[in-house]
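As stored in upload09.pdb (PDB, C-alpha atoms):
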ATOM      1  CA  MET A 489      17.008  10.320 -21.812
ATOM      2  CA  ASP A 490      18.780  13.354 -20.356
ATOM      3  CA  LYS A 491      16.211  14.634 -17.849
ATOM      4  CA  ARG A 492      16.019  13.013 -14.409
ATOM      5  CA  ALA A 493      13.178  13.132 -11.861
ATOM      6  CA  LEU A 494      13.462  12.091  -8.209
ATOM      7  CA  ILE A 495      10.322  10.847  -6.429
ATOM      8  CA  VAL A 496      10.649  11.359  -2.674
ATOM      9  CA  ARG A 497       8.492   9.160  -0.435
ATOM     10  CA  LEU A 498      10.139   7.984   2.763
ATOM     11  CA  SER A 499       7.512   5.681   4.334
ATOM     12  CA  SER A 500       5.493   3.556   4.836
ATOM     13  CA  LEU A 501       5.334   0.530   2.509
ATOM     14  CA  GLY A 502       1.866   1.271   1.125
ATOM     15  CA  ASP A 503       2.591   4.953   0.533
ATOM     16  CA  VAL A 504       5.887   4.167  -1.199
ATOM     17  CA  VAL A 505       4.259   1.526  -3.395
ATOM     18  CA  LEU A 506       1.529   3.941  -4.491
ATOM     19  CA  THR A 507       4.097   6.413  -5.833
ATOM     20  CA  SER A 508       4.753   3.844  -8.564
ATOM     21  CA  CYS A 509       1.788   5.400 -10.385
ATOM     22  CA  LEU A 510       4.199   8.207 -11.352
ATOM     23  CA  VAL A 511       6.803   6.072 -13.109
ATOM     24  CA  ASP A 512       5.186   5.582 -16.520
ATOM     25  CA  PRO A 513       3.911   9.186 -16.717
ATOM     26  CA  LEU A 514       7.407  10.481 -15.968
ATOM     27  CA  LEU A 515       8.816   8.290 -18.717
ATOM     28  CA  GLU A 516       6.175   9.670 -21.102
ATOM     29  CA  LEU A 517       7.245  13.187 -20.117
ATOM     30  CA  GLY A 518      10.841  12.384 -21.004
ATOM     31  CA  TYR A 519      12.278  11.860 -17.516
ATOM     32  CA  LYS A 520      14.339   8.984 -16.157
ATOM     33  CA  PRO A 521      12.570   8.201 -12.840
ATOM     34  CA  TYR A 522      14.400   7.682  -9.548
ATOM     35  CA  LEU A 523      12.919   6.976  -6.122
ATOM     36  CA  LEU A 524      14.254   8.033  -2.734
ATOM     37  CA  THR A 525      12.914   5.976   0.158
ATOM     38  CA  LEU A 526      13.937   4.344   3.434
ATOM     39  CA  GLU A 527      14.972   0.742   3.975
ATOM     40  CA  PRO A 528      13.482  -1.773   3.342
ATOM     41  CA  PHE A 529      10.666  -0.321   1.222
ATOM     42  CA  GLY A 530      12.733   0.115  -1.921
ATOM     43  CA  GLU A 531      13.250  -3.641  -2.213
ATOM     44  CA  VAL A 532       9.978  -4.119  -4.070
ATOM     45  CA  PHE A 533      11.370  -2.104  -7.011
ATOM     46  CA  LEU A 534      14.638  -4.011  -7.388
ATOM     47  CA  GLU A 535      13.441  -6.006 -10.419
ATOM     48  CA  ASP A 536      11.650  -3.092 -12.065
ATOM     49  CA  PRO A 537      13.856  -1.826 -14.916
ATOM     50  CA  ARG A 538      11.900   1.410 -15.384
ATOM     51  CA  LEU A 539      13.453   3.257 -12.436
ATOM     52  CA  GLU A 540      16.401   3.390 -10.070
ATOM     53  CA  VAL A 541      16.064   3.426  -6.282
ATOM     54  CA  PHE A 542      18.032   5.279  -3.615
ATOM     55  CA  GLN A 543      17.279   3.295  -0.471
ATOM     56  CA  VAL A 544      18.790   4.751   2.700
ATOM     57  CA  LYS A 545      18.645   4.250   6.456
ATOM     58  CA  LYS A 546      16.883   6.954   8.480
ATOM     59  CA  GLN A 547      20.120   8.146  10.029
ATOM     60  CA  GLU A 548      21.771   8.438   6.592
ATOM     61  CA  LEU A 549      19.211  10.741   4.984
ATOM     62  CA  PHE A 550      21.024  14.018   5.674
ATOM     63  CA  ARG A 551      24.584  12.738   5.484
ATOM     64  CA  LYS A 552      26.857  14.691   3.171
ATOM     65  CA  ASP A 553      27.406  11.778   0.765
ATOM     66  CA  THR A 554      23.648  11.080   0.558
ATOM     67  CA  LEU A 555      22.821  14.711  -0.203
ATOM     68  CA  GLN A 556      25.538  14.830  -2.829
ATOM     69  CA  ARG A 557      23.960  11.893  -4.673
ATOM     70  CA  LEU A 558      20.575  13.610  -4.578
ATOM     71  CA  LYS A 559      21.663  16.905  -6.087
ATOM     72  CA  GLY A 560      21.275  17.930  -9.704
ATOM     73  CA  PHE A 561      17.913  16.411 -10.637
ATOM     74  CA  ASP A 562      15.805  18.286 -13.164
ATOM     75  CA  LEU A 563      12.635  17.667 -11.151
ATOM     76  CA  TYR A 564      11.934  16.661  -7.556
ATOM     77  CA  LEU A 565       8.536  15.270  -6.550
ATOM     78  CA  ASP A 566       7.766  15.552  -2.838
ATOM     79  CA  MET A 567       5.169  12.840  -2.267
ATOM     80  CA  HIS A 568       5.645  12.918   1.495
ATOM     81  CA  LYS A 569       5.320  16.588   2.511
ATOM     82  CA  ASN A 570       6.619  16.544   6.069
ATOM     83  CA  LEU A 571       9.393  18.321   7.964
ATOM     84  CA  LYS A 572      12.098  15.978   6.642
ATOM     85  CA  THR A 573      11.214  16.596   3.030
ATOM     86  CA  LEU A 574      10.978  20.349   3.695
ATOM     87  CA  LEU A 575      14.562  20.201   4.957
ATOM     88  CA  LEU A 576      15.552  18.227   1.873
ATOM     89  CA  ARG A 577      14.084  20.937  -0.312
ATOM     90  CA  ILE A 578      16.162  23.548   1.472
ATOM     91  CA  ARG A 579      19.360  21.484   1.307
ATOM     92  CA  LEU A 580      19.013  20.321  -2.310
ATOM     93  CA  GLY A 581      17.419  23.283  -4.051
ATOM     94  CA  GLY A 582      16.124  22.704  -7.579
ATOM     95  CA  LYS A 583      12.612  22.501  -9.014
ATOM     96  CA  TRP A 584      10.096  20.805  -6.701
ATOM     97  CA  LYS A 585       6.477  19.756  -7.104
ATOM     98  CA  SER A 586       4.235  18.225  -4.450
ATOM     99  CA  TYR A 587       0.738  16.826  -4.204
ATOM    100  CA  ASN A 588      -2.472  18.061  -2.633
ATOM    101  CA  LYS A 589      -2.284  16.133   0.627
ATOM    102  CA  GLN A 590      -5.520  17.595   2.055
ATOM    103  CA  SER A 591      -3.973  17.207   5.512
ATOM    104  CA  LEU A 592      -6.400  19.477   7.337
ATOM    105  CA  ARG A 593      -9.532  18.053   5.721
ATOM    106  CA  ARG A 594      -8.411  14.483   6.355
ATOM    107  CA  ARG A 595      -7.685  15.247  10.003
ATOM    108  CA  LEU A 596     -11.044  16.948  10.417
ATOM    109  CA  SER A 597     -12.767  13.958   8.834
ATOM    110  CA  VAL A 598     -11.991  12.017  12.005
ATOM    111  CA  TYR A 599     -14.391  14.303  13.866
ATOM    112  CA  PHE A 600     -16.803  15.758  11.290
ATOM    113  CA  LYS A 601     -18.882  13.746   8.850
ATOM    114  CA  SER A 602     -19.116  16.730   6.482
ATOM    115  CA  MET A 603     -15.368  16.449   5.907
ATOM    116  CA  ARG A 604     -15.570  12.837   4.654
ATOM    117  CA  LYS A 605     -15.329  13.536   0.942
ATOM    118  CA  PRO A 606     -14.037  11.420  -1.960
ATOM    119  CA  TYR A 607     -10.260  11.545  -2.246
ATOM    120  CA  SER A 608      -7.552   9.391  -3.826
ATOM    121  CA  VAL A 609      -3.872   9.631  -2.935
ATOM    122  CA  VAL A 610      -3.009   8.028  -6.280
ATOM    123  CA  LYS A 611      -4.942  10.658  -8.226
ATOM    124  CA  ALA A 612      -3.390  13.406  -6.109
ATOM    125  CA  TYR A 613       0.090  12.056  -6.896
ATOM    126  CA  LEU A 614      -0.727  12.002 -10.611
ATOM    127  CA  GLU A 615      -2.243  15.491 -10.629
ATOM    128  CA  SER A 616       1.044  16.861  -9.286
ATOM    129  CA  ILE A 617       2.554  16.256 -12.746
ATOM    130  CA  GLY A 618      -0.557  17.057 -14.773
ATOM    131  CA  TYR A 619      -2.051  13.579 -15.184
ATOM    132  CA  ARG A 620      -5.662  12.693 -14.389
ATOM    133  CA  GLU A 621      -5.596   8.900 -14.691
ATOM    134  CA  GLY A 622      -3.169   6.115 -13.843
ATOM    135  CA  ARG A 623      -2.546   3.214 -11.509
ATOM    136  CA  PRO A 624       0.278   2.065  -9.272
ATOM    137  CA  LYS A 625       2.495  -0.411 -11.108
ATOM    138  CA  ILE A 626       5.503  -2.470 -10.060
ATOM    139  CA  LEU A 627       7.194  -5.029 -12.321
ATOM    140  CA  ILE A 628       8.402  -8.386 -10.964
ATOM    141  CA  SER A 629      10.766 -10.648 -12.928
ATOM    142  CA  GLU A 630       9.229 -13.459 -14.968
ATOM    143  CA  GLU A 631      11.722 -15.879 -13.398
ATOM    144  CA  ARG A 632      10.443 -15.139  -9.904
ATOM    145  CA  LEU A 633       6.808 -15.334 -10.951
ATOM    146  CA  LYS A 634       7.345 -18.629 -12.775
ATOM    147  CA  ALA A 635       9.170 -20.190  -9.817
ATOM    148  CA  TRP A 636       6.354 -19.401  -7.385
ATOM    149  CA  LYS A 637       3.658 -20.461  -9.841
ATOM    150  CA  GLU A 638       5.334 -23.827 -10.285
ATOM    151  CA  LYS A 639       5.612 -24.216  -6.530
ATOM    152  CA  LEU A 640       2.122 -23.068  -5.518
ATOM    153  CA  GLY A 641      -0.180 -23.546  -8.505
ATOM    154  CA  ASP A 642      -3.552 -21.773  -8.252
ATOM    155  CA  TYR A 643      -4.401 -20.123  -4.943
ATOM    156  CA  VAL A 644      -6.041 -17.288  -3.044
ATOM    157  CA  CYS A 645      -3.563 -15.086  -1.166
ATOM    158  CA  ILE A 646      -4.484 -13.655   2.244
ATOM    159  CA  ALA A 647      -2.506 -11.047   4.195
ATOM    160  CA  PRO A 648      -4.034 -10.939   7.698
ATOM    161  CA  GLY A 649      -1.738  -8.270   9.121
ATOM    162  CA  ALA A 650      -1.825  -4.511   9.528
ATOM    163  CA  ARG A 651       0.225  -2.133  11.617
ATOM    164  CA  TYR A 652      -2.573  -1.339  14.086
ATOM    165  CA  GLU A 653      -5.115  -3.654  15.665
ATOM    166  CA  LYS A 654      -8.128  -1.610  14.585
ATOM    167  CA  LYS A 655      -7.193  -2.285  10.968
ATOM    168  CA  ARG A 656      -6.875  -6.063  11.349
ATOM    169  CA  TYR A 657      -9.902  -8.108  10.346
ATOM    170  CA  PRO A 658     -10.344 -10.638  13.187
ATOM    171  CA  ARG A 659     -12.215 -13.349  11.250
ATOM    172  CA  PHE A 660      -9.743 -14.380   8.593
ATOM    173  CA  GLU A 661      -9.482 -17.870  10.064
ATOM    174  CA  GLY A 662     -13.173 -18.476   9.443
ATOM    175  CA  LEU A 663     -12.852 -17.075   5.927
ATOM    176  CA  ILE A 664      -9.974 -19.444   5.206
ATOM    177  CA  GLU A 665     -12.062 -22.402   6.348
ATOM    178  CA  LEU A 666     -14.826 -21.391   3.925
ATOM    179  CA  LEU A 667     -12.364 -21.058   1.043
ATOM    180  CA  LEU A 668     -10.756 -24.426   1.771
ATOM    181  CA  ARG A 669     -14.158 -26.091   2.071
ATOM    182  CA  GLU A 670     -14.996 -24.860  -1.438
ATOM    183  CA  GLY A 671     -11.766 -26.303  -2.804
ATOM    184  CA  TYR A 672      -9.621 -23.162  -3.009
ATOM    185  CA  LYS A 673      -5.968 -23.321  -1.977
ATOM    186  CA  VAL A 674      -5.012 -20.544   0.466
ATOM    187  CA  VAL A 675      -1.555 -18.977   0.883
ATOM    188  CA  LEU A 676      -0.852 -16.588   3.766
ATOM    189  CA  VAL A 677       1.750 -13.821   3.560
ATOM    190  CA  GLY A 678       2.927 -11.263   6.110
ATOM    191  CA  ASP A 679       5.682 -10.614   8.631
ATOM    192  CA  LYS A 680       6.917 -12.508  11.701
ATOM    193  CA  LYS A 681       4.204 -10.982  13.900
ATOM    194  CA  ASP A 682       1.617 -12.321  11.487
ATOM    195  CA  LYS A 683       3.266 -15.739  11.691
ATOM    196  CA  GLU A 684       2.685 -15.821  15.436
ATOM    197  CA  LEU A 685      -0.907 -14.683  14.981
ATOM    198  CA  THR A 686      -1.666 -17.344  12.380
ATOM    199  CA  LYS A 687       0.422 -20.308  13.565
ATOM    200  CA  SER A 688      -2.623 -22.529  14.177
ATOM    201  CA  TRP A 689      -4.442 -21.580  10.973
ATOM    202  CA  GLN A 690      -4.991 -23.813   7.974
ATOM    203  CA  GLY A 691      -3.483 -23.054   4.587
ATOM    204  CA  ILE A 692       0.090 -22.613   3.357
ATOM    205  CA  ASN A 693       1.591 -20.180   5.839
ATOM    206  CA  LEU A 694       4.558 -18.216   4.473
ATOM    207  CA  CYS A 695       4.331 -15.290   6.910
ATOM    208  CA  GLY A 696       7.725 -14.068   8.082
ATOM    209  CA  GLU A 697       9.645 -16.318   5.696
ATOM    210  CA  LEU A 698       9.994 -14.235   2.530
ATOM    211  CA  SER A 699      11.613 -11.148   1.064
ATOM    212  CA  LEU A 700       9.360  -8.296  -0.051
ATOM    213  CA  LEU A 701      10.057  -9.263  -3.660
ATOM    214  CA  ASP A 702       8.905 -12.826  -3.054
ATOM    215  CA  VAL A 703       5.795 -11.580  -1.267
ATOM    216  CA  ALA A 704       5.093  -9.374  -4.287
ATOM    217  CA  GLY A 705       5.596 -12.328  -6.628
ATOM    218  CA  ILE A 706       3.225 -14.533  -4.659
ATOM    219  CA  ILE A 707       0.582 -11.808  -4.514
ATOM    220  CA  LYS A 708       0.802 -11.250  -8.277
ATOM    221  CA  GLY A 709       0.427 -14.968  -8.953
ATOM    222  CA  ALA A 710      -2.738 -15.266  -6.873
ATOM    223  CA  SER A 711      -6.212 -15.637  -8.365
ATOM    224  CA  LEU A 712      -7.357 -13.186  -5.680
ATOM    225  CA  PHE A 713      -5.762 -11.207  -2.849
ATOM    226  CA  ILE A 714      -7.656 -10.458   0.395
ATOM    227  CA  GLY A 715      -6.264  -8.082   2.999
ATOM    228  CA  ASN A 716      -6.798  -5.142   5.303
ATOM    229  CA  ASP A 717      -6.231  -1.455   4.576
ATOM    230  CA  SER A 718      -2.508  -2.146   4.663
ATOM    231  CA  GLY A 719       0.788  -1.984   2.815
ATOM    232  CA  LEU A 720       0.400  -5.430   1.257
ATOM    233  CA  LEU A 721      -3.030  -4.455  -0.056
ATOM    234  CA  HIS A 722      -1.397  -1.592  -1.932
ATOM    235  CA  LEU A 723       1.345  -3.913  -3.132
ATOM    236  CA  ALA A 724      -1.428  -6.101  -4.583
ATOM    237  CA  ARG A 725      -2.744  -3.054  -6.443
ATOM    238  CA  ALA A 726       0.697  -2.299  -7.842
ATOM    239  CA  VAL A 727       1.384  -5.809  -9.149
ATOM    240  CA  GLY A 728      -2.077  -6.001 -10.716
ATOM    241  CA  ALA A 729      -3.727  -8.599  -8.485
ATOM    242  CA  LYS A 730      -7.517  -8.527  -8.150
ATOM    243  CA  ALA A 731      -8.146  -7.638  -4.503
ATOM    244  CA  ILE A 732     -10.591  -7.340  -1.629
ATOM    245  CA  GLN A 733      -9.816  -4.627   0.924
ATOM    246  CA  ILE A 734     -11.412  -4.839   4.379
ATOM    247  CA  TYR A 735     -11.757  -1.537   6.217
ATOM    248  CA  GLY A 736     -11.688  -1.180   9.992
ATOM    249  CA  GLY A 737     -10.796   1.980  11.872
ATOM    250  CA  THR A 738      -9.918   3.986   8.766
ATOM    251  CA  HIS A 739     -12.077   5.274   5.900
ATOM    252  CA  PRO A 740     -11.993   5.642   2.084
ATOM    253  CA  THR A 741     -12.004   9.430   2.511
ATOM    254  CA  LEU A 742      -8.371   9.205   3.618
ATOM    255  CA  GLY A 743      -7.414   8.300   0.072
ATOM    256  CA  PHE A 744      -6.403   4.643   0.049
ATOM    257  CA  ALA A 745      -9.461   2.773  -1.223
ATOM    258  CA  LEU A 746      -9.323   0.378  -4.150
ATOM    259  CA  GLU A 747     -10.617   1.684  -7.445
ATOM    260  CA  PRO A 748     -13.409  -0.395  -9.060
ATOM    261  CA  GLN A 749     -11.028  -1.817 -11.669
ATOM    262  CA  GLU A 750      -8.697  -3.018  -8.880
ATOM    263  CA  GLY A 751     -11.254  -4.947  -6.859
ATOM    264  CA  VAL A 752     -13.742  -4.348  -4.034
ATOM    265  CA  TYR A 753     -13.501  -2.714  -0.642
ATOM    266  CA  LEU A 754     -15.738  -3.718   2.267
ATOM    267  CA  PHE A 755     -16.681  -0.900   4.603
ATOM    268  CA  LYS A 756     -19.268  -0.750   7.379
ATOM    269  CA  GLY A 757     -19.670   3.033   7.200
ATOM    270  CA  LEU A 758     -20.199   3.572  10.925
ATOM    271  CA  TYR A 759     -20.564   7.135  12.228
ATOM    272  CA  CYS A 760     -17.237   6.774  14.057
ATOM    273  CA  GLN A 761     -15.191   5.787  10.994
ATOM    274  CA  PRO A 762     -12.466   6.938  10.688
ATOM    275  CA  CYS A 763     -11.547   6.879  14.356
ATOM    276  CA  ASP A 764      -7.992   7.970  13.528
ATOM    277  CA  LEU A 765      -5.919   8.889  10.476
ATOM    278  CA  HIS A 766      -3.985   5.644  10.761
ATOM    279  CA  GLY A 767      -6.254   3.377  12.813
ATOM    280  CA  LYS A 768      -4.292   3.906  16.028
ATOM    281  CA  GLY A 769      -5.559   4.205  19.582
ATOM    282  CA  SER A 770      -8.567   2.813  21.383
ATOM    283  CA  CYS A 771     -12.051   2.292  19.999
ATOM    284  CA  ARG A 772     -14.494   5.109  20.757
ATOM    285  CA  LEU A 773     -17.116   2.477  21.497
ATOM    286  CA  GLY A 774     -14.740   0.665  23.816
ATOM    287  CA  GLU A 775     -15.437  -2.735  22.320
ATOM    288  CA  TYR A 776     -13.522  -5.697  20.962
ATOM    289  CA  PRO A 777     -13.987  -7.176  18.440
ATOM    290  CA  TYR A 778     -14.487  -3.732  16.989
ATOM    291  CA  PRO A 779     -17.897  -3.013  15.414
ATOM    292  CA  CYS A 780     -16.264  -1.566  12.285
ATOM    293  CA  LEU A 781     -14.717  -4.985  11.641
ATOM    294  CA  ASP A 782     -17.864  -6.975  12.436
ATOM    295  CA  ILE A 783     -18.150  -8.383   8.933
ATOM    296  CA  ALA A 784     -19.187 -12.034   8.663
ATOM    297  CA  PRO A 785     -16.691 -14.361   6.929
ATOM    298  CA  GLU A 786     -19.613 -15.507   4.773
ATOM    299  CA  GLU A 787     -20.013 -11.957   3.461
ATOM    300  CA  VAL A 788     -16.339 -11.710   2.507
ATOM    301  CA  PHE A 789     -16.468 -15.184   0.985
ATOM    302  CA  ALA A 790     -19.473 -14.276  -1.168
ATOM    303  CA  VAL A 791     -17.570 -11.307  -2.629
ATOM    304  CA  ALA A 792     -14.458 -13.458  -3.081
ATOM    305  CA  LYS A 793     -16.372 -16.179  -4.922
ATOM    306  CA  ARG A 794     -17.950 -13.622  -7.223
ATOM    307  CA  LEU A 795     -14.536 -12.198  -8.131
ATOM    308  CA  LEU A 796     -12.988 -15.650  -8.516
ATOM    309  CA  GLU A 797     -15.751 -16.614 -10.908
ATOM    310  CA  GLY A 798     -15.089 -13.507 -12.980
ATOM    311  CA  GLN A 799     -18.272 -11.675 -12.053
ATOM    312  CA  GLY A 800     -16.617  -8.617 -10.562
TER     313      GLY A 800
END

Take the structure in the file and write it out as structure tokens.
Amino acid sequence: MDKRALIVRLSSLGDVVLTSCLVDPLLELGYKPYLLTLEPFGEVFLEDPRLEVFQVKKQELFRKDTLQRLKGFDLYLDMHKNLKTLLLRIRLGGKWKSYNKQSLRRRLSVYFKSMRKPYSVVKAYLESIGYREGRPKILISEERLKAWKEKLGDYVCIAPGARYEKKRYPRFEGLIELLLREGYKVVLVGDKKDKELTKSWQGINLCGELSLLDVAGIIKGASLFIGNDSGLLHLARAVGAKAIQIYGGTHPTLGFALEPQEGVYLFKGLYCQPCDLHGKGSCRLGEYPYPCLDIAPEEVFAVAKRLLEGQG
């Protein structure tokens, strides 16, 4: 395979993971895929033989030796579209394609209901190279998957964290109690901040203890994944885990909702959603717990049970 294509997506975890939808199409088009991203997001691809990863520190991106490694590709795919990638285009030259980011419409959707239209980042990525359908996909080694399956057995995986508070479902503890009461084993994954948040919760708590690859392996081995609109939710999509996505301060119109074949998303649909492109800032209603996340654990459990029983 002589042709090489470089996918450029610098952050964050969820966005980087979703670019994996491009790997198989690029292979079909006759390209060897490469990915340029920032540490540590490239770690989730380290056992995926379909592509190679250039993982760099922020301060190394424009170093002479980094730029030299990035020159000479037959195709560059800018899946970030910000000032840094514009500078990369100028420095590297070559043939570039990018996706329809709908930046203005998405920003206006925060303020105007008429701008809240269906949109999928994954489909936009795919359309940049002429594809209409596809899903994110990351391969994890069978050895890793087998090791975690032997250790944990059958379980539901929950990731309670998200970068911003208005994206974090506040009633996971009650949901876990319902799952345990019905006989389901629960495994929690996340970072060290999530560990502090969940230290008194029931279940097997592995937050802050694992590499991204191990988190991916555990998520893939789960009977069901439940999380927020977050990076680990998108990792669940990419490893093929059936999932439930709980929306808070963001909105499906921003492009990150699960597709029906991937699972179910729960969304209140309040007039003030989305309150921000990323779920930052204070609530317009000035309340906590936030009304957009006022979803009863029983409601989430009912959806979870349906999916676990193969009805969804």

Do you know which residues the PyMOL selection byres ((chain A and resi 741-753) around 7) returns on this file, as a compact mmCIF listing (two decimals) with C-alpha atoms, in the frame of the given file?
# COMPACT_ATOMS: atom_id res chain seq x y z
CA ARG A 594 -8.41 14.48 6.36
CA ARG A 604 -15.57 12.84 4.65
CA LYS A 605 -15.33 13.54 0.94
CA PRO A 606 -14.04 11.42 -1.96
CA TYR A 607 -10.26 11.54 -2.25
CA SER A 608 -7.55 9.39 -3.83
CA VAL A 609 -3.87 9.63 -2.94
CA ARG A 725 -2.74 -3.05 -6.44
CA LYS A 730 -7.52 -8.53 -8.15
CA ALA A 731 -8.15 -7.64 -4.50
CA ILE A 732 -10.59 -7.34 -1.63
CA GLN A 733 -9.82 -4.63 0.92
CA ILE A 734 -11.41 -4.84 4.38
CA HIS A 739 -12.08 5.27 5.90
CA PRO A 740 -11.99 5.64 2.08
CA LEU A 754 -15.74 -3.72 2.27
CA PHE A 755 -16.68 -0.90 4.60

Counting all atoms listed in the file, write as a PDB file with C-alpha atoms, in the frame of the given file all protein and nucleic acid residues lying at most 12 Å from (-7.1, 18.4, 10.4) in the file's frame.
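And here is the file that came out, result.pdb:
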ATOM      1  CA  LYS A 589      -2.284  16.133   0.627  1.00  0.00           C
ATOM      2  CA  GLN A 590      -5.520  17.595   2.055  1.00  0.00           C
ATOM      3  CA  SER A 591      -3.973  17.207   5.512  1.00  0.00           C
ATOM      4  CA  LEU A 592      -6.400  19.477   7.337  1.00  0.00           C
ATOM      5  CA  ARG A 593      -9.532  18.053   5.721  1.00  0.00           C
ATOM      6  CA  ARG A 594      -8.411  14.483   6.355  1.00  0.00           C
ATOM      7  CA  ARG A 595      -7.685  15.247  10.003  1.00  0.00           C
ATOM      8  CA  LEU A 596     -11.044  16.948  10.417  1.00  0.00           C
ATOM      9  CA  SER A 597     -12.767  13.958   8.834  1.00  0.00           C
ATOM     10  CA  VAL A 598     -11.991  12.017  12.005  1.00  0.00           C
ATOM     11  CA  TYR A 599     -14.391  14.303  13.866  1.00  0.00           C
ATOM     12  CA  PHE A 600     -16.803  15.758  11.290  1.00  0.00           C
ATOM     13  CA  MET A 603     -15.368  16.449   5.907  1.00  0.00           C
ATOM     14  CA  ARG A 604     -15.570  12.837   4.654  1.00  0.00           C
ATOM     15  CA  LEU A 742      -8.371   9.205   3.618  1.00  0.00           C
ATOM     16  CA  ASP A 764      -7.992   7.970  13.528  1.00  0.00           C
ATOM     17  CA  LEU A 765      -5.919   8.889  10.476  1.00  0.00           C
TER      18      LEU A 765
END

Any idea what's packed within 9 Å of Lys637 (chain A), counting all atoms listed in the file, ignoring anything in its chain fewer than 2 positions away? Could you give it as a PDB file with C-alpha atoms, keeping the file's coordinate frame?
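Result file part-v4.pdb:
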ATOM      1  CA  ARG A 632      10.443 -15.139  -9.904  1.00  0.00           C
ATOM      2  CA  LEU A 633       6.808 -15.334 -10.951  1.00  0.00           C
ATOM      3  CA  LYS A 634       7.345 -18.629 -12.775  1.00  0.00           C
ATOM      4  CA  ALA A 635       9.170 -20.190  -9.817  1.00  0.00           C
ATOM      5  CA  LYS A 639       5.612 -24.216  -6.530  1.00  0.00           C
ATOM      6  CA  LEU A 640       2.122 -23.068  -5.518  1.00  0.00           C
ATOM      7  CA  GLY A 641      -0.180 -23.546  -8.505  1.00  0.00           C
ATOM      8  CA  ASP A 642      -3.552 -21.773  -8.252  1.00  0.00           C
ATOM      9  CA  GLY A 705       5.596 -12.328  -6.628  1.00  0.00           C
ATOM     10  CA  ILE A 706       3.225 -14.533  -4.659  1.00  0.00           C
ATOM     11  CA  GLY A 709       0.427 -14.968  -8.953  1.00  0.00           C
ATOM     12  CA  ALA A 710      -2.738 -15.266  -6.873  1.00  0.00           C
TER      13      ALA A 710
END

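Nearest residue to Gly649 (chain A) among A:Glu670, A:Glu661, A:Asp679, A:Asp512 is A:Asp679, counting all atoms listed in the file.
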
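Counting only C-alpha atoms, the residue from A:Arg557, A:Lys552, A:Lys585, A:Leu614 that sits nearest to Ser508 (chain A) is A:Leu614.
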
ask   = What residues come out when you apply the PyMOL selection byres ((chain A and resi 629) around 12) to this file, written as a ChimeraX atom specification?
value = /A:532-537,626-628,630-636,701-702,704-706,708-709,727

What does the file look like for those residues with C-alpha atoms, as a JSON list (two decimals), keeping the file's coordinate frame?
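The result, stored in out-v5.json:
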[["chain", "number", "residue", "atom", "x", "y", "z"],
["A", 532, "VAL", "CA", 9.98, -4.12, -4.07],
["A", 533, "PHE", "CA", 11.37, -2.10, -7.01],
["A", 534, "LEU", "CA", 14.64, -4.01, -7.39],
["A", 535, "GLU", "CA", 13.44, -6.01, -10.42],
["A", 536, "ASP", "CA", 11.65, -3.09, -12.06],
["A", 537, "PRO", "CA", 13.86, -1.83, -14.92],
["A", 626, "ILE", "CA", 5.50, -2.47, -10.06],
["A", 627, "LEU", "CA", 7.19, -5.03, -12.32],
["A", 628, "ILE", "CA", 8.40, -8.39, -10.96],
["A", 630, "GLU", "CA", 9.23, -13.46, -14.97],
["A", 631, "GLU", "CA", 11.72, -15.88, -13.40],
["A", 632, "ARG", "CA", 10.44, -15.14, -9.90],
["A", 633, "LEU", "CA", 6.81, -15.33, -10.95],
["A", 634, "LYS", "CA", 7.34, -18.63, -12.78],
["A", 635, "ALA", "CA", 9.17, -20.19, -9.82],
["A", 636, "TRP", "CA", 6.35, -19.40, -7.38],
["A", 701, "LEU", "CA", 10.06, -9.26, -3.66],
["A", 702, "ASP", "CA", 8.90, -12.83, -3.05],
["A", 704, "ALA", "CA", 5.09, -9.37, -4.29],
["A", 705, "GLY", "CA", 5.60, -12.33, -6.63],
["A", 706, "ILE", "CA", 3.22, -14.53, -4.66],
["A", 708, "LYS", "CA", 0.80, -11.25, -8.28],
["A", 709, "GLY", "CA", 0.43, -14.97, -8.95],
["A", 727, "VAL", "CA", 1.38, -5.81, -9.15]]

inquiry  = From (-7.2, -18.2, 9.3), in the file's coordinates, out to 8 Å: which residues are reached, counting all atoms listed in the file? Answer as a PyMOL selection string.
reply    = chain A and resi 659-665+686+688-691

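Distance-wise, CA of Gly737 (chain A) and CA of Leu773 (chain A) end up 11.5 Å apart.
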